[in-house]
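Report on the following structure.
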Amino acid sequence: MQGARHLRASALTVVALLGIASLAGCWMPPVSSARFFLNTPLVPIGGATGNVRVEYMIDARGRSGYFELNGLSPYNGYSVMMDGVDGVVCATLATDASGHTAENHPVLSSACDPRSHRLSIVDQDGVEVFEMPPPSDPDYVSVEVAPLSSFGPGVATMQTTWNHGVHAVSLELNGVDPDSYDVLVNGAMQGSIDVTNGHGALVESPPAFDPSTAVVQIQRDGVDYYAGGAHASIEGIDWCARGSVEQPFDAVTGGLGWAALMTRTSCSRRLEILIEDVPMGDYEVVVGDVYEGVITVGQDEFGATVGSVIFTSGESTGMPLDFDPIGQPIEIEQDGVVYFSIDAFSPN
């Protein structure tokens, strides 16, 4: 198994990762997809010792967080929480004999998105020991790229960065007609973008407005060509394509089995596992070598044996879907005997 991998941040690293369109006056290929990157140490609470660093990379292709703990209590359990000790558990971590761990965890829903929630580390006694610093912290680095709605040719993006205490907003146009475009923020004139050779940008550092609440319009001759805000609407976090997919199990000892995953536009998900024609009783559901629940098989009115279990996220029914089944092995077993298996859940 590979160890945890993560992204080391610097101004150049962030540019390379996100394809930022300007660096030292040189144009680079534009980024038209929504994405967010964060790299920061956490701040100790109440005299906690050691250090913690978190990194996030969230876009349509992948959504993951990296957590590195050093010098904390050895052989101890910690939780990555959003919105305090009574909030949402987004990951569980365990230190080794030296108080160290480094782990990647998927970001499964908007409830674990650090852009809109307060992140902290909570120890096994339920005490917060580290928390996210403010973006103005000198070691904090973040980049958020938000494509604007387009009513004309080309691409417009709003990019918000915090880089070691420096705050900047860049409005960029790429692949558009040459001209001068007016930039309005919350209805007030903010500046202009002169486009030559298909691209141009307006950069403010620090910005004269709050990008988190700003409504931006980019106009040509008084007509809106692009509009939107700084929040990157990321597929898989802010919105999802609705659909349902399923994959059959390999039946090791006979019977039939399926695993089906349904996704809603709100990004809530439902994983249903169904097995048939096996002896009645309780069967363990193991996903990625981790026990996740039980299927109870009984007899229906026709004498057939059948059982199912439902895991959900964003719903009040079923068991919590607090794991990502995609790409994971799934096994249904009883008393150590595997009845059904999927080597890697990758439904079509």
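Ligands are numbered from 1 in the order shown, chains are lettered A, B, ... in the order of the structure tokens, and residues start at 1 in each chain.
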
Closest pair table for region 120-204 of chain A residues within 10 Å of region 233-241 of chain A, only C-alpha atoms, as a Markdown table:
```
| residue | atom | partner | partner_atom | distance |
| --- | --- | --- | --- | --- |
| A:Val145 | CA | A:Ser233 | CA | 9.3 |
| A:Ala146 | CA | A:Ser233 | CA | 6.9 |
| A:Pro147 | CA | A:Ser233 | CA | 8.4 |
| A:Leu148 | CA | A:Ser233 | CA | 10.0 |
```

Shell of 8 Å around Pro74 (chain A), only C-alpha atoms, local chain residues under 4 positions omitted, as a PDB file with N, CA and C atoms, in the first residue's frame:
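Generated output (around.pdb):
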```
ATOM      1  N   THR A  95      -2.295   8.271  15.801  1.00  0.00           N
ATOM      2  CA  THR A  95      -0.855   8.512  15.831  1.00  0.00           C
ATOM      3  C   THR A  95      -0.090   7.238  16.171  1.00  0.00           C
ATOM      4  N   ASP A  96       1.195   7.216  15.797  1.00  0.00           N
ATOM      5  CA  ASP A  96       2.053   6.078  16.105  1.00  0.00           C
ATOM      6  C   ASP A  96       2.821   6.347  17.396  1.00  0.00           C
ATOM      7  N   ALA A  97       3.870   5.572  17.646  1.00  0.00           N
ATOM      8  CA  ALA A  97       4.621   5.685  18.898  1.00  0.00           C
ATOM      9  C   ALA A  97       5.284   7.044  19.060  1.00  0.00           C
ATOM     10  N   SER A  98       5.550   7.736  17.945  1.00  0.00           N
ATOM     11  CA  SER A  98       6.183   9.054  18.021  1.00  0.00           C
ATOM     12  C   SER A  98       5.171  10.196  17.971  1.00  0.00           C
ATOM     13  N   GLY A  99       3.881   9.864  17.991  1.00  0.00           N
ATOM     14  CA  GLY A  99       2.852  10.903  17.905  1.00  0.00           C
ATOM     15  C   GLY A  99       2.667  11.455  16.509  1.00  0.00           C
ATOM     16  N   HIS A 100       3.015  10.648  15.495  1.00  0.00           N
ATOM     17  CA  HIS A 100       2.953  11.086  14.102  1.00  0.00           C
ATOM     18  C   HIS A 100       1.924  10.276  13.319  1.00  0.00           C
TER      19      HIS A 100
END
```

Query raised in the report: Could you pull the residues within 8 Å of Asp343 (chain A), counting only C-alpha atoms, minus those fewer than 6 positions along the same chain, as an MDAnalysis selection string?
Result: chainID A and resid 328:330

Query raised in the report: Looking only at the backbone, which of the residues in region 115-179 of chain A does DSSP tag as strand (DSSP E), as a ChimeraX atom specification?
Result: /A:119-123,128-131,141-147,149-150,155-163,166-174,179

Requested in this report: Just the residues within 10 Å of region 186-188 of chain A, please, counting only C-alpha atoms, with nothing from its chain fewer than 4 positions along; format it as a VMD selection string.
Outcome: chain A and resid 209 213 to 217

**Report entry** Interatomic distance, CA of Phe67 (chain A) to CA of Arg53 (chain A) (Å, one decimal)
**Finding:**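 Taking CA of Phe67 (chain A) and CA of Arg53 (chain A), their separation equals 6.0 Å.
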
Query raised in the report: Between A:Glu103, A:Glu131, A:Asp139, A:Asp322, which is the closest to Val290 (chain A) once you count only C-alpha atoms?
Result: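 Selected residue with least distance to Val290 (chain A): A:Asp322.
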
Query raised in the report: Hey, can you check how far CA of Val297 (chain A) sits from CA of Leu274 (chain A)?
Result: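 Taking CA of Val297 (chain A) and CA of Leu274 (chain A), their separation equals 9.5 Å.
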
Query raised in the report: Which polymer residues have any atom within 12 Å of an atom of Ser268 (chain A), counting only C-alpha atoms, with same-chain residues fewer than 2 positions away left out, as a PyMOL selection string?
Result: chain A and resi 108-111+236-243+261-266+270-271+311-317+320-322

Query - A:Ile121, A:Leu256, A:Val294, A:Val223 ranked by distance to Gln334 (chain A), top pick (using only C-alpha atoms) - result: A:Val294

Query raised in the report: Which residues, written as a PyMOL selection string, have at least one atom at most 6 Å from Glu272 (chain A), with only C-alpha atoms counted and residues fewer than 6 positions away on the same chain left out?
Result: chain A and resi 259-260+309-310

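Using only C-alpha atoms for every distance, the candidate list A:Thr160, A:Tyr226, A:Gly257, A:Phe323 yields A:Phe323 as the residue closest to Val89 (chain A).
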
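Computed from the coordinates, the CA of Ala230 (chain A) to CA of Val195 (chain A) distance equals 21.3 Å.
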